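Shown here: start03.pdb, PDB, C-alpha atoms.
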ATOM      1  CA  MET A 182       0.000   0.000   0.000
ATOM      2  CA  LEU A 183       2.774   2.447   0.911
ATOM      3  CA  ARG A 184       4.748   1.522  -2.185
ATOM      4  CA  GLN A 185       1.665   2.204  -4.306
ATOM      5  CA  LEU A 186       1.207   5.583  -2.593
ATOM      6  CA  ALA A 187       4.789   6.492  -3.443
ATOM      7  CA  LEU A 188       4.285   5.453  -7.052
ATOM      8  CA  ASN A 189       1.095   7.498  -7.244
ATOM      9  CA  LEU A 190       2.824  10.561  -5.778
ATOM     10  CA  ARG A 191       5.623  10.327  -8.295
ATOM     11  CA  ARG A 192       3.233   9.648 -11.203
ATOM     12  CA  ASN A 193       0.987  12.604 -10.339
ATOM     13  CA  TRP A 194       3.932  14.911  -9.880
ATOM     14  CA  ASP A 195       5.604  13.765 -13.122
ATOM     15  CA  ASN A 196       2.350  14.224 -15.033
ATOM     16  CA  MET A 197       2.046  17.834 -13.864
ATOM     17  CA  ALA A 198       5.709  18.472 -14.698
ATOM     18  CA  THR A 199       5.186  17.134 -18.222
ATOM     19  CA  GLN A 200       2.233  19.439 -18.706
ATOM     20  CA  GLY A 201       4.312  22.373 -17.477
ATOM     21  CA  LEU A 202       1.762  23.739 -15.023
ATOM     22  CA  ARG A 203      -0.096  23.222 -11.802
ATOM     23  CA  PRO A 204      -3.879  22.834 -12.010
ATOM     24  CA  ASP A 205      -4.458  25.921  -9.854
ATOM     25  CA  THR A 206      -1.905  28.320 -11.319
ATOM     26  CA  ALA A 207      -1.288  30.058 -14.614
ATOM     27  CA  MET A 208       2.065  29.732 -16.336
ATOM     28  CA  LYS A 209       4.509  32.604 -15.698
ATOM     29  CA  GLN A 210       8.140  33.246 -16.473
ATOM     30  CA  PRO A 211      10.615  32.000 -13.855
ATOM     31  CA  LEU A 212      12.453  34.501 -11.718
ATOM     32  CA  LYS A 213      15.728  35.640 -13.255
ATOM     33  CA  PRO A 214      18.971  35.526 -11.238
ATOM     34  CA  GLU A 215      19.045  39.290 -10.770
ATOM     35  CA  SER A 216      15.589  39.120  -9.167
ATOM     36  CA  PHE A 217      16.820  37.135  -6.177
ATOM     37  CA  PRO A 218      18.093  38.735  -2.947
ATOM     38  CA  ALA A 219      21.807  39.496  -3.078
ATOM     39  CA  SER A 220      22.622  41.439   0.074
ATOM     40  CA  VAL A 221      21.908  39.048   2.962
ATOM     41  CA  GLU A 222      24.747  36.601   3.536
ATOM     42  CA  HIS A 223      25.665  36.097   7.194
ATOM     43  CA  ALA A 224      23.905  36.245  10.537
ATOM     44  CA  PRO A 225      24.072  39.789  11.949
ATOM     45  CA  ARG A 226      26.399  38.957  14.836
ATOM     46  CA  LEU A 227      28.903  36.638  13.176
ATOM     47  CA  PHE A 228      31.633  39.110  12.291
ATOM     48  CA  GLN A 229      31.067  41.951  14.729
ATOM     49  CA  SER A 230      34.342  43.631  15.576
ATOM     50  CA  GLY A 231      35.708  42.702  18.984
ATOM     51  CA  GLU A 232      33.356  39.752  19.446
ATOM     52  CA  THR A 233      34.921  36.437  20.447
ATOM     53  CA  THR A 234      32.635  34.757  17.914
ATOM     54  CA  GLU A 235      34.730  36.307  15.151
ATOM     55  CA  LYS A 236      37.566  33.883  15.891
ATOM     56  CA  LYS A 237      35.411  30.958  16.987
ATOM     57  CA  LEU A 238      32.987  30.856  14.065
ATOM     58  CA  ASN A 239      34.036  31.408  10.499
ATOM     59  CA  CYS A 240      32.565  30.388   7.171
ATOM     60  CA  ASP A 241      32.223  31.684   3.638
ATOM     61  CA  VAL A 242      29.097  32.149   1.538
ATOM     62  CA  GLU A 243      28.892  31.397  -2.173
ATOM     63  CA  ARG A 244      26.009  32.658  -4.289
ATOM     64  CA  LEU A 245      24.801  29.927  -6.655
ATOM     65  CA  HIS A 246      22.535  29.868  -9.696
ATOM     66  CA  ILE A 247      21.564  26.216 -10.130
ATOM     67  CA  LYS A 248      20.153  25.047 -13.445
ATOM     68  CA  VAL A 249      16.781  23.302 -13.156
ATOM     69  CA  ASN A 250      15.896  20.914 -15.967
ATOM     70  CA  ASP A 251      12.123  20.523 -15.759
ATOM     71  CA  GLY A 252      10.906  22.153 -18.956
ATOM     72  CA  PRO A 253      10.699  25.870 -18.106
ATOM     73  CA  ASP A 254      14.044  27.540 -18.640
ATOM     74  CA  GLY A 255      15.474  28.931 -15.433
ATOM     75  CA  LYS A 256      17.975  28.788 -12.638
ATOM     76  CA  VAL A 257      17.235  28.838  -8.943
ATOM     77  CA  THR A 258      19.372  30.983  -6.681
ATOM     78  CA  GLY A 259      20.831  29.871  -3.388
ATOM     79  CA  PHE A 260      23.416  30.909  -0.823
ATOM     80  CA  LEU A 261      25.802  28.087   0.098
ATOM     81  CA  HIS A 262      27.610  28.323   3.439
ATOM     82  CA  VAL A 263      30.920  26.452   3.412
ATOM     83  CA  PRO A 264      33.728  26.026   5.961
ATOM     84  CA  SER A 265      36.579  28.529   5.763
ATOM     85  CA  PRO A 266      39.014  27.612   4.385
ATOM     86  CA  TYR A 267      37.014  25.309   2.111
ATOM     87  CA  ARG A 268      38.626  22.025   1.100
ATOM     88  CA  SER A 269      36.603  19.960  -1.319
ATOM     89  CA  GLY A 270      35.354  16.736   0.215
ATOM     90  CA  GLU A 271      36.808  17.471   3.668
ATOM     91  CA  HIS A 272      33.464  18.032   5.329
ATOM     92  CA  ASN A 273      30.420  16.102   6.505
ATOM     93  CA  LYS A 274      28.799  14.072   3.720
ATOM     94  CA  THR A 275      25.370  15.348   4.803
ATOM     95  CA  ALA A 276      24.262  18.871   3.894
ATOM     96  CA  ALA A 277      21.330  21.024   4.989
ATOM     97  CA  ILE A 278      18.938  22.704   2.551
ATOM     98  CA  LEU A 279      16.749  25.451   4.000
ATOM     99  CA  VAL A 280      13.676  26.714   2.122
ATOM    100  CA  SER A 281      11.168  29.402   2.997
ATOM    101  CA  GLY A 282       7.470  30.092   2.544
ATOM    102  CA  ALA A 283       5.046  31.163  -0.166
ATOM    103  CA  GLY A 284       7.030  34.308  -0.923
ATOM    104  CA  GLY A 285      10.345  32.545  -1.379
ATOM    105  CA  GLY A 286      13.319  34.258   0.219
ATOM    106  CA  VAL A 287      16.607  33.233   1.788
ATOM    107  CA  VAL A 288      16.688  34.114   5.506
ATOM    108  CA  GLY A 289      13.810  32.014   6.842
ATOM    109  CA  PRO A 290      11.370  32.593   9.715
ATOM    110  CA  SER A 291      12.715  35.280  12.056
ATOM    111  CA  SER A 292      15.886  35.169   9.894
ATOM    112  CA  MET A 293      16.965  31.993  11.724
ATOM    113  CA  TYR A 294      18.331  30.361   8.546
ATOM    114  CA  LEU A 295      21.219  32.839   8.589
ATOM    115  CA  SER A 296      22.265  31.741  12.047
ATOM    116  CA  MET A 297      21.723  28.036  11.404
ATOM    117  CA  ALA A 298      23.736  28.021   8.184
ATOM    118  CA  ASP A 299      26.648  29.944   9.684
ATOM    119  CA  LYS A 300      26.831  27.582  12.646
ATOM    120  CA  LEU A 301      26.597  24.375  10.614
ATOM    121  CA  ALA A 302      29.371  25.480   8.261
ATOM    122  CA  SER A 303      31.525  26.601  11.204
ATOM    123  CA  LEU A 304      31.529  23.282  13.042
ATOM    124  CA  PRO A 305      35.007  21.886  13.727
ATOM    125  CA  SER A 306      37.056  19.688  11.431
ATOM    126  CA  GLN A 307      35.250  17.248   9.145
ATOM    127  CA  GLN A 308      32.007  17.576  11.099
ATOM    128  CA  ALA A 309      31.145  20.860   9.363
ATOM    129  CA  LEU A 310      28.035  20.765   7.157
ATOM    130  CA  LEU A 311      27.444  22.628   3.939
ATOM    131  CA  ALA A 312      24.214  24.600   4.329
ATOM    132  CA  LEU A 313      22.254  25.920   1.348
ATOM    133  CA  ARG A 314      19.615  28.640   1.748
ATOM    134  CA  LEU A 315      17.541  28.022  -1.371
ATOM    135  CA  ASP A 316      15.008  30.314  -3.034
ATOM    136  CA  TYR A 317      12.330  29.288  -5.593
ATOM    137  CA  ARG A 318      11.918  30.128  -9.258
ATOM    138  CA  TYR A 319       8.119  30.066  -8.913
ATOM    139  CA  PRO A 320       7.283  30.774  -5.258
ATOM    140  CA  ALA A 321       4.233  28.961  -3.852
ATOM    141  CA  ARG A 322       4.035  26.552  -6.809
ATOM    142  CA  ASN A 323       4.919  23.141  -5.509
ATOM    143  CA  ASN A 324       5.118  21.668  -9.004
ATOM    144  CA  TYR A 325       8.133  23.891  -9.676
ATOM    145  CA  CYS A 326       9.541  24.166  -6.153
ATOM    146  CA  VAL A 327      10.076  20.390  -5.940
ATOM    147  CA  PRO A 328      12.393  20.427  -9.006
ATOM    148  CA  ASP A 329      14.236  23.359  -7.381
ATOM    149  CA  VAL A 330      14.947  21.176  -4.347
ATOM    150  CA  ARG A 331      15.883  18.195  -6.499
ATOM    151  CA  ALA A 332      18.256  20.313  -8.595
ATOM    152  CA  ALA A 333      19.922  21.565  -5.414
ATOM    153  CA  VAL A 334      20.380  18.032  -4.071
ATOM    154  CA  ASP A 335      21.764  16.876  -7.426
ATOM    155  CA  TYR A 336      24.181  19.813  -7.462
ATOM    156  CA  LEU A 337      25.455  19.110  -3.956
ATOM    157  CA  GLN A 338      25.919  15.441  -4.777
ATOM    158  CA  ARG A 339      27.619  16.094  -8.118
ATOM    159  CA  GLU A 340      29.762  19.106  -7.277
ATOM    160  CA  ARG A 341      30.297  18.960  -3.505
ATOM    161  CA  GLN A 342      30.573  15.222  -2.711
ATOM    162  CA  ILE A 343      27.376  15.164  -0.638
ATOM    163  CA  ASP A 344      25.565  11.849  -0.091
ATOM    164  CA  ASN A 345      22.534  12.932   1.954
ATOM    165  CA  VAL A 346      20.573  16.021   2.913
ATOM    166  CA  VAL A 347      18.443  17.221   5.796
ATOM    167  CA  LEU A 348      15.646  19.491   4.586
ATOM    168  CA  VAL A 349      14.109  22.385   6.519
ATOM    169  CA  GLY A 350      10.964  24.199   5.372
ATOM    170  CA  TRP A 351       8.909  27.096   6.698
ATOM    171  CA  SER A 352       5.163  27.418   6.074
ATOM    172  CA  PHE A 353       4.529  26.563   2.389
ATOM    173  CA  GLY A 354       8.099  25.219   2.332
ATOM    174  CA  SER A 355       6.801  22.072   4.014
ATOM    175  CA  ALA A 356       5.168  21.107   0.692
ATOM    176  CA  PRO A 357       8.311  20.835  -1.488
ATOM    177  CA  VAL A 358      10.272  19.416   1.469
ATOM    178  CA  LEU A 359       7.816  16.583   2.122
ATOM    179  CA  THR A 360       7.011  15.935  -1.536
ATOM    180  CA  PHE A 361      10.700  15.495  -2.315
ATOM    181  CA  ALA A 362      11.408  13.507   0.861
ATOM    182  CA  GLY A 363       8.565  11.111   0.076
ATOM    183  CA  MET A 364      10.147  10.265  -3.278
ATOM    184  CA  ASP A 365      13.896  10.426  -2.594
ATOM    185  CA  ASP A 366      15.734   8.691   0.234
ATOM    186  CA  ARG A 367      18.707  11.028  -0.103
ATOM    187  CA  CYS A 368      16.692  13.097   2.368
ATOM    188  CA  ILE A 369      17.503  11.505   5.735
ATOM    189  CA  GLY A 370      15.464  13.887   7.906
ATOM    190  CA  ALA A 371      13.165  16.893   7.725
ATOM    191  CA  ALA A 372      12.319  19.768  10.062
ATOM    192  CA  MET A 373       9.525  22.278   9.570
ATOM    193  CA  VAL A 374       8.397  25.549  11.100
ATOM    194  CA  ALA A 375       4.665  26.357  10.950
ATOM    195  CA  PRO A 376       3.970  23.810   8.195
ATOM    196  CA  GLN A 377       0.869  23.533   6.046
ATOM    197  CA  THR A 378      -0.930  20.267   5.269
ATOM    198  CA  ALA A 379      -1.616  20.846   1.551
ATOM    199  CA  ASP A 380       0.693  18.930  -0.795
ATOM    200  CA  THR A 381       2.388  17.137   2.100
ATOM    201  CA  GLU A 382       1.300  13.532   1.509
ATOM    202  CA  GLY A 383       4.953  12.601   1.142
ATOM    203  CA  ILE A 384       5.291  12.596   4.918
ATOM    204  CA  ARG A 385       3.518   9.220   4.935
ATOM    205  CA  MET A 386       6.587   7.803   3.191
ATOM    206  CA  MET A 387       9.205   9.253   5.541
ATOM    207  CA  ALA A 388       9.195   6.824   8.479
ATOM    208  CA  PRO A 389      11.511   5.815  10.036
ATOM    209  CA  ARG A 390      13.467   8.916   8.932
ATOM    210  CA  PRO A 391      13.130  11.556  11.686
ATOM    211  CA  VAL A 392      10.795  14.545  11.445
ATOM    212  CA  LEU A 393      10.632  17.667  13.644
ATOM    213  CA  LEU A 394       7.597  19.983  13.576
ATOM    214  CA  CYS A 395       7.765  23.396  15.280
ATOM    215  CA  HIS A 396       4.681  25.578  15.596
ATOM    216  CA  GLY A 397       3.413  28.559  17.554
ATOM    217  CA  THR A 398       0.044  28.160  19.257
ATOM    218  CA  GLY A 399      -0.772  31.773  18.377
ATOM    219  CA  ASP A 400      -0.146  31.276  14.652
ATOM    220  CA  ARG A 401      -2.952  33.031  12.746
ATOM    221  CA  THR A 402      -1.693  32.023   9.303
ATOM    222  CA  LEU A 403      -1.551  28.238   9.779
ATOM    223  CA  SER A 404      -2.987  26.716  12.943
ATOM    224  CA  HIS A 405      -0.710  24.579  15.081
ATOM    225  CA  THR A 406      -3.197  21.773  14.467
ATOM    226  CA  CYS A 407      -1.482  21.439  11.062
ATOM    227  CA  SER A 408       1.628  20.115  12.794
ATOM    228  CA  LYS A 409      -0.472  17.706  14.840
ATOM    229  CA  ARG A 410      -2.142  16.484  11.663
ATOM    230  CA  LEU A 411       1.224  15.954   9.972
ATOM    231  CA  LYS A 412       2.385  13.918  12.949
ATOM    232  CA  GLU A 413      -0.586  11.605  12.538
ATOM    233  CA  MET A 414       0.044  11.334   8.798
ATOM    234  CA  TYR A 415       3.667  10.390   9.492
ATOM    235  CA  LYS A 416       2.677   7.758  12.046
ATOM    236  CA  SER A 417       0.069   6.300   9.690
ATOM    237  CA  GLY A 418       2.831   5.435   7.265
ATOM    238  CA  ASP A 419       5.164   3.861   9.803
ATOM    239  CA  ARG A 420       5.534   0.109   9.540
ATOM    240  CA  SER A 421       8.909  -0.097  11.244
ATOM    241  CA  GLY A 422       7.958   0.575  14.838
ATOM    242  CA  ARG A 423      10.895   2.997  14.927
ATOM    243  CA  ALA A 424       9.099   6.174  13.901
ATOM    244  CA  GLU A 425      10.718   9.367  15.175
ATOM    245  CA  VAL A 426       8.451  12.388  14.959
ATOM    246  CA  LYS A 427       8.299  15.298  17.393
ATOM    247  CA  VAL A 428       5.942  18.262  17.599
ATOM    248  CA  LYS A 429       7.314  21.234  19.535
ATOM    249  CA  LEU A 430       4.676  23.861  20.321
ATOM    250  CA  PHE A 431       5.682  27.381  21.341
ATOM    251  CA  ASN A 432       3.048  28.932  23.572
ATOM    252  CA  GLY A 433       1.378  32.010  22.093
ATOM    253  CA  ASP A 434       3.953  32.469  19.353
ATOM    254  CA  ASP A 435       3.274  33.584  15.779
ATOM    255  CA  HIS A 436       3.803  32.177  12.288
ATOM    256  CA  ALA A 437       7.524  33.050  12.260
ATOM    257  CA  LEU A 438       8.184  32.126  15.933
ATOM    258  CA  THR A 439       9.508  35.629  16.551
ATOM    259  CA  ARG A 440       9.171  35.271  20.342
ATOM    260  CA  HIS A 441      10.990  31.933  20.577
ATOM    261  CA  ALA A 442      13.266  32.207  17.555
ATOM    262  CA  GLN A 443      16.498  31.481  19.415
ATOM    263  CA  GLU A 444      15.082  28.369  21.067
ATOM    264  CA  ALA A 445      13.623  27.102  17.788
ATOM    265  CA  GLU A 446      16.826  27.789  15.878
ATOM    266  CA  THR A 447      18.879  25.848  18.431
ATOM    267  CA  LEU A 448      16.415  22.942  18.396
ATOM    268  CA  ILE A 449      16.458  22.662  14.594
ATOM    269  CA  THR A 450      20.239  23.047  14.376
ATOM    270  CA  GLN A 451      20.711  20.217  16.846
ATOM    271  CA  PHE A 452      18.200  18.095  14.922
ATOM    272  CA  ILE A 453      20.184  18.578  11.701
ATOM    273  CA  MET A 454      23.442  17.690  13.400
ATOM    274  CA  ARG A 455      22.021  14.513  14.937
ATOM    275  CA  CYS A 456      20.778  13.411  11.517
ATOM    276  CA  ALA A 457      24.255  14.086  10.116
ATOM    277  CA  GLY A 458      26.028  12.120  12.847
ATOM    278  CA  VAL A 459      27.818  15.096  14.396
ATOM    279  CA  ASP A 460      29.471  14.414  17.767
ATOM    280  CA  MET A 461      27.014  16.235  20.018
ATOM    281  CA  ASP A 462      29.169  15.678  23.120
ATOM    282  CA  SER A 463      31.997  17.835  21.817
ATOM    283  CA  GLY A 464      32.415  21.007  23.866
ATOM    284  CA  LEU A 465      33.306  23.047  20.790
ATOM    285  CA  VAL A 466      30.210  21.792  18.959
ATOM    286  CA  SER A 467      27.996  22.706  21.902
ATOM    287  CA  LYS A 468      29.564  26.164  22.136
ATOM    288  CA  THR A 469      29.023  26.727  18.428
ATOM    289  CA  VAL A 470      25.360  25.731  18.631
ATOM    290  CA  HIS A 471      24.621  28.002  21.590
ATOM    291  CA  THR A 472      26.470  31.094  20.318
ATOM    292  CA  PRO A 473      23.822  33.800  19.769
ATOM    293  CA  LEU A 474      24.036  35.125  16.208
ATOM    294  CA  MET A 475      20.464  36.138  15.428
ATOM    295  CA  ALA A 476      19.043  39.636  15.256
ATOM    296  CA  GLY A 477      17.883  40.777  18.675
ATOM    297  CA  SER A 478      14.449  42.371  18.518
ATOM    298  CA  ARG A 479      11.299  41.197  16.780
ATOM    299  CA  GLU A 480      11.460  44.281  14.567
ATOM    300  CA  GLU A 481      15.035  43.478  13.508
ATOM    301  CA  LYS A 482      14.081  39.905  12.658
ATOM    302  CA  ILE A 483      11.170  41.059  10.507
ATOM    303  CA  GLU A 484      13.329  43.673   8.770
ATOM    304  CA  LEU A 485      15.843  40.977   7.814
ATOM    305  CA  MET A 486      13.001  38.814   6.479
ATOM    306  CA  LYS A 487      11.923  41.695   4.259
ATOM    307  CA  LYS A 488      15.497  42.233   3.110
ATOM    308  CA  GLY A 489      15.901  38.544   2.343
ATOM    309  CA  GLY A 490      12.700  38.354   0.310
ATOM    310  CA  ASP A 491      10.854  36.090   2.760
ATOM    311  CA  LEU A 492       7.827  38.365   3.105
ATOM    312  CA  LYS A 493       7.073  38.732  -0.590
ATOM    313  CA  GLY A 494       3.627  37.834  -1.850
ATOM    314  CA  ASN A 495       1.140  36.815   0.813
ATOM    315  CA  GLU A 496       3.647  35.471   3.347
ATOM    316  CA  SER A 497       3.205  36.750   6.896
ATOM    317  CA  VAL A 498       4.702  36.617  10.368
ATOM    318  CA  ASP A 499       1.270  36.699  12.058
TER     319      ASP A 499
END
Let me see the file written as structure tokens.
Amino acid sequence: MLRQLALNLRRNWDNMATQGLRPDTAMKQPLKPESFPASVEHAPRLFQSGETTEKKLNCDVERLHIKVNDGPDGKVTGFLHVPSPYRSGEHNKTAAILVSGAGGGVVGPSSMYLSMADKLASLPSQQALLALRLDYRYPARNNYCVPDVRAAVDYLQRERQIDNVVLVGWSFGSAPVLTFAGMDDRCIGAAMVAPQTADTEGIRMMAPRPVLLCHGTGDRTLSHTCSKRLKEMYKSGDRSGRAEVKVKLFNGDDHALTRHAQEAETLITQFIMRCAGVDMDSGLVSKTVHTPLMAGSREEKIELMKKGGDLKGNESVD
């Protein structure tokens, strides 16, 4: 039954890709490289003069334009965080790919992707993870966002010696994350912030791969009951008895977890590292994870989201 569900998911998705459109959207031109954000690279506090973090955490950011071969001509932009100095192949064989909501963008909810990516790429020695903050060519169109994710995974495998990925999605981003994960076992874990339930049937195919769902109980864009529903969908597909799914609710918080952003960012970063086999008992690893890099106030977080393109379209922090 589960195998048939997977085949149906892939068949339906491939049929839509062949037709070049989603049933509920009109065809538009893909975003061009110059349309993507270009000015947001690191977490605000990473390289502040005089801060001890300047010597403890260090990584570089490469701006990528990844070709997507799904019919419509276009390249998807991403920002790849790599250890500094970067030595090809001398890093963890698992990478993180972080995708945002219906507006696209590259900094994530409360701009936490900036902090997460900097920390993952700054881990010591060969434990460091490459972390890609990926935008979309056609925001909010799962039929095109899934090929964006696949193209990014293919690129990391082909060009950066990556074997597996951990995917993170915010809001609408749960749709391409779970659709891809349901069809491709190169995804070894998935974490989501304020996920939706539409286009997320792939979660039924994820067990026993771990899943983390974070949601604010005051979310007025997508109710926290969406995360509870996804948990049940995940468990319904588990036949191993080893299912690992966790729902973390943040009391009274909003769609972008602006009031608990630091706690959520730490939780997701640790989740990624566990999936990647990072030595969590290392003192240097622990210090890296708990170094505060995010913007301080709610207003600063939202301003970074605007700068990074994450509040385009109908996306909201409410």
When the PyMOL selection byres ((chain A and resi 362) around 8) is applied to the structure above, which residues does it catch, written out as a ChimeraX atom specification?
/A:358-361,363-368,371,383-384,386-387
Residues of region 461-498 of chain A at most 7 Å from region 428-452 of chain A: nearest atom pair and distance in Å, only C-alpha atoms, as CSV:
residue,atom,partner,partner_atom,distance
A:Val470,CA,A:Thr447,CA,6.5
A:His471,CA,A:Thr447,CA,6.9
A:Arg479,CA,A:Thr439,CA,5.9
A:Val498,CA,A:His436,CA,4.9
Applying the PyMOL selection byres ((chain A and resi 468) around 12) to the file I just gave you, which residues come out? Please list them as a list of chain:residue names.
A:Thr233, A:Thr234, A:Lys237, A:Leu238, A:Lys300, A:Ser303, A:Leu304, A:Pro305, A:Thr447, A:Gln451, A:Met461, A:Asp462, A:Ser463, A:Gly464, A:Leu465, A:Val466, A:Ser467, A:Thr469, A:Val470, A:His471, A:Thr472, A:Pro473
What residues come out when you apply the PyMOL selection byres ((chain A and resi 401) around 7) to this file, written as JSON, numbers by chain?
{"A": [399, 400, 402, 403, 404, 435, 436, 499]}
Dump as an mmCIF file, in the frame of the given file, selection limited to C-alpha atoms:
data_model
loop_
_atom_site.group_PDB
_atom_site.id
_atom_site.type_symbol
_atom_site.label_atom_id
_atom_site.label_comp_id
_atom_site.auth_asym_id
_atom_site.auth_seq_id
_atom_site.Cartn_x
_atom_site.Cartn_y
_atom_site.Cartn_z
ATOM 1 C CA GLY A 399 -0.772 31.773 18.377
ATOM 2 C CA ASP A 400 -0.146 31.276 14.652
ATOM 3 C CA THR A 402 -1.693 32.023 9.303
ATOM 4 C CA LEU A 403 -1.551 28.238 9.779
ATOM 5 C CA SER A 404 -2.987 26.716 12.943
ATOM 6 C CA ASP A 435 3.274 33.584 15.779
ATOM 7 C CA HIS A 436 3.803 32.177 12.288
ATOM 8 C CA ASP A 499 1.270 36.699 12.058
#
List as a ChimeraX atom specification the protein and nucleic acid residues near Leu348 (chain A), meaning an atom at most 10 Å away when only C-alpha atoms are counted, but skip any in the same chain fewer than 4 places from it.
/A:276-280,312-313,330,334,354-355,357-359,361-362,368-373,392,453
Save out the residues we just selected, C-alpha atoms, as an mmCIF file, keeping the file's coordinate frame.
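File result_4.cif, as written:
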data_model
loop_
_atom_site.group_PDB
_atom_site.id
_atom_site.type_symbol
_atom_site.label_atom_id
_atom_site.label_comp_id
_atom_site.auth_asym_id
_atom_site.auth_seq_id
_atom_site.Cartn_x
_atom_site.Cartn_y
_atom_site.Cartn_z
ATOM 1 C CA ALA A 276 24.262 18.871 3.894
ATOM 2 C CA ALA A 277 21.330 21.024 4.989
ATOM 3 C CA ILE A 278 18.938 22.704 2.551
ATOM 4 C CA LEU A 279 16.749 25.451 4.000
ATOM 5 C CA VAL A 280 13.676 26.714 2.122
ATOM 6 C CA ALA A 312 24.214 24.600 4.329
ATOM 7 C CA LEU A 313 22.254 25.920 1.348
ATOM 8 C CA VAL A 330 14.947 21.176 -4.347
ATOM 9 C CA VAL A 334 20.380 18.032 -4.071
ATOM 10 C CA GLY A 354 8.099 25.219 2.332
ATOM 11 C CA SER A 355 6.801 22.072 4.014
ATOM 12 C CA PRO A 357 8.311 20.835 -1.488
ATOM 13 C CA VAL A 358 10.272 19.416 1.469
ATOM 14 C CA LEU A 359 7.816 16.583 2.122
ATOM 15 C CA PHE A 361 10.700 15.495 -2.315
ATOM 16 C CA ALA A 362 11.408 13.507 0.861
ATOM 17 C CA CYS A 368 16.692 13.097 2.368
ATOM 18 C CA ILE A 369 17.503 11.505 5.735
ATOM 19 C CA GLY A 370 15.464 13.887 7.906
ATOM 20 C CA ALA A 371 13.165 16.893 7.725
ATOM 21 C CA ALA A 372 12.319 19.768 10.062
ATOM 22 C CA MET A 373 9.525 22.278 9.570
ATOM 23 C CA VAL A 392 10.795 14.545 11.445
ATOM 24 C CA ILE A 453 20.184 18.578 11.701
#
Quick check, in Å to one decimal: how far apart do CA of Ser296 (chain A) and CA of Gly458 (chain A) lie?
20.0 Å
Using all atoms listed in the file, can you tell me which of A:Ser306, A:Thr378, A:Ser292, A:Ser352 comes closest to Ala321 (chain A)?
A:Ser352
What is the CA of Ala375 (chain A)-CA of Phe353 (chain A) distance in Å, reported with one decimal?
8.6 Å
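When all atoms listed in the file are used to compute distances to Leu261 (chain A), the closest of the residues A:Asn495, A:Ser291, A:Asp316, A:Arg226 turns out to be A:Asp316.
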Pick out the residues sitting within 7 Å of Ala356 (chain A), and hand them over as a list in words; count all atoms listed in the file, and ignore anything fewer than 5 positions along from it in its own chain.
Asn323, Ala379, Asp380 and Thr381 of chain A
Which protein, DNA or RNA residues are at most 8 Å from (31.2, 20.8, 6.3) in the file's coordinates when you count only C-alpha atoms, listed as a PDB file with C-alpha atoms, keeping the file's coordinate frame?
ATOM      1  CA  VAL A 263      30.920  26.452   3.412  1.00  0.00           C
ATOM      2  CA  PRO A 264      33.728  26.026   5.961  1.00  0.00           C
ATOM      3  CA  GLU A 271      36.808  17.471   3.668  1.00  0.00           C
ATOM      4  CA  HIS A 272      33.464  18.032   5.329  1.00  0.00           C
ATOM      5  CA  ASN A 273      30.420  16.102   6.505  1.00  0.00           C
ATOM      6  CA  LYS A 274      28.799  14.072   3.720  1.00  0.00           C
ATOM      7  CA  ALA A 276      24.262  18.871   3.894  1.00  0.00           C
ATOM      8  CA  LEU A 301      26.597  24.375  10.614  1.00  0.00           C
ATOM      9  CA  ALA A 302      29.371  25.480   8.261  1.00  0.00           C
ATOM     10  CA  SER A 303      31.525  26.601  11.204  1.00  0.00           C
ATOM     11  CA  LEU A 304      31.529  23.282  13.042  1.00  0.00           C
ATOM     12  CA  SER A 306      37.056  19.688  11.431  1.00  0.00           C
ATOM     13  CA  GLN A 307      35.250  17.248   9.145  1.00  0.00           C
ATOM     14  CA  GLN A 308      32.007  17.576  11.099  1.00  0.00           C
ATOM     15  CA  ALA A 309      31.145  20.860   9.363  1.00  0.00           C
ATOM     16  CA  LEU A 310      28.035  20.765   7.157  1.00  0.00           C
ATOM     17  CA  LEU A 311      27.444  22.628   3.939  1.00  0.00           C
TER      18      LEU A 311
END
Atomic distance CA of Glu243 (chain A) - CA of Thr258 (chain A), expressed in Å with one decimal:
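Atom-to-atom, CA of Glu243 (chain A) and CA of Thr258 (chain A) are spaced 10.5 Å apart.
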Could you please fill out region 329-334 of chain A with N, CA, C and O atoms and send it back as an mmCIF file, in the coordinates of the input?
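The result, stored in result.cif:
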data_model
loop_
_atom_site.group_PDB
_atom_site.id
_atom_site.type_symbol
_atom_site.label_atom_id
_atom_site.label_comp_id
_atom_site.auth_asym_id
_atom_site.auth_seq_id
_atom_site.Cartn_x
_atom_site.Cartn_y
_atom_site.Cartn_z
ATOM 1 N N ASP A 329 13.199 22.497 -7.934
ATOM 2 C CA ASP A 329 14.236 23.359 -7.381
ATOM 3 C C ASP A 329 15.023 22.613 -6.311
ATOM 4 O O ASP A 329 16.263 22.632 -6.284
ATOM 5 N N VAL A 330 14.290 21.935 -5.411
ATOM 6 C CA VAL A 330 14.947 21.176 -4.347
ATOM 7 C C VAL A 330 15.756 20.034 -4.938
ATOM 8 O O VAL A 330 16.908 19.798 -4.550
ATOM 9 N N ARG A 331 15.165 19.320 -5.890
ATOM 10 C CA ARG A 331 15.883 18.195 -6.499
ATOM 11 C C ARG A 331 17.157 18.670 -7.192
ATOM 12 O O ARG A 331 18.213 18.021 -7.101
ATOM 13 N N ALA A 332 17.075 19.786 -7.906
ATOM 14 C CA ALA A 332 18.256 20.313 -8.595
ATOM 15 C C ALA A 332 19.344 20.675 -7.592
ATOM 16 O O ALA A 332 20.540 20.464 -7.849
ATOM 17 N N ALA A 333 18.945 21.205 -6.444
ATOM 18 C CA ALA A 333 19.922 21.565 -5.414
ATOM 19 C C ALA A 333 20.594 20.317 -4.843
ATOM 20 O O ALA A 333 21.812 20.295 -4.630
ATOM 21 N N VAL A 334 19.804 19.275 -4.591
ATOM 22 C CA VAL A 334 20.380 18.032 -4.071
ATOM 23 C C VAL A 334 21.332 17.422 -5.098
ATOM 24 O O VAL A 334 22.435 16.974 -4.763
#
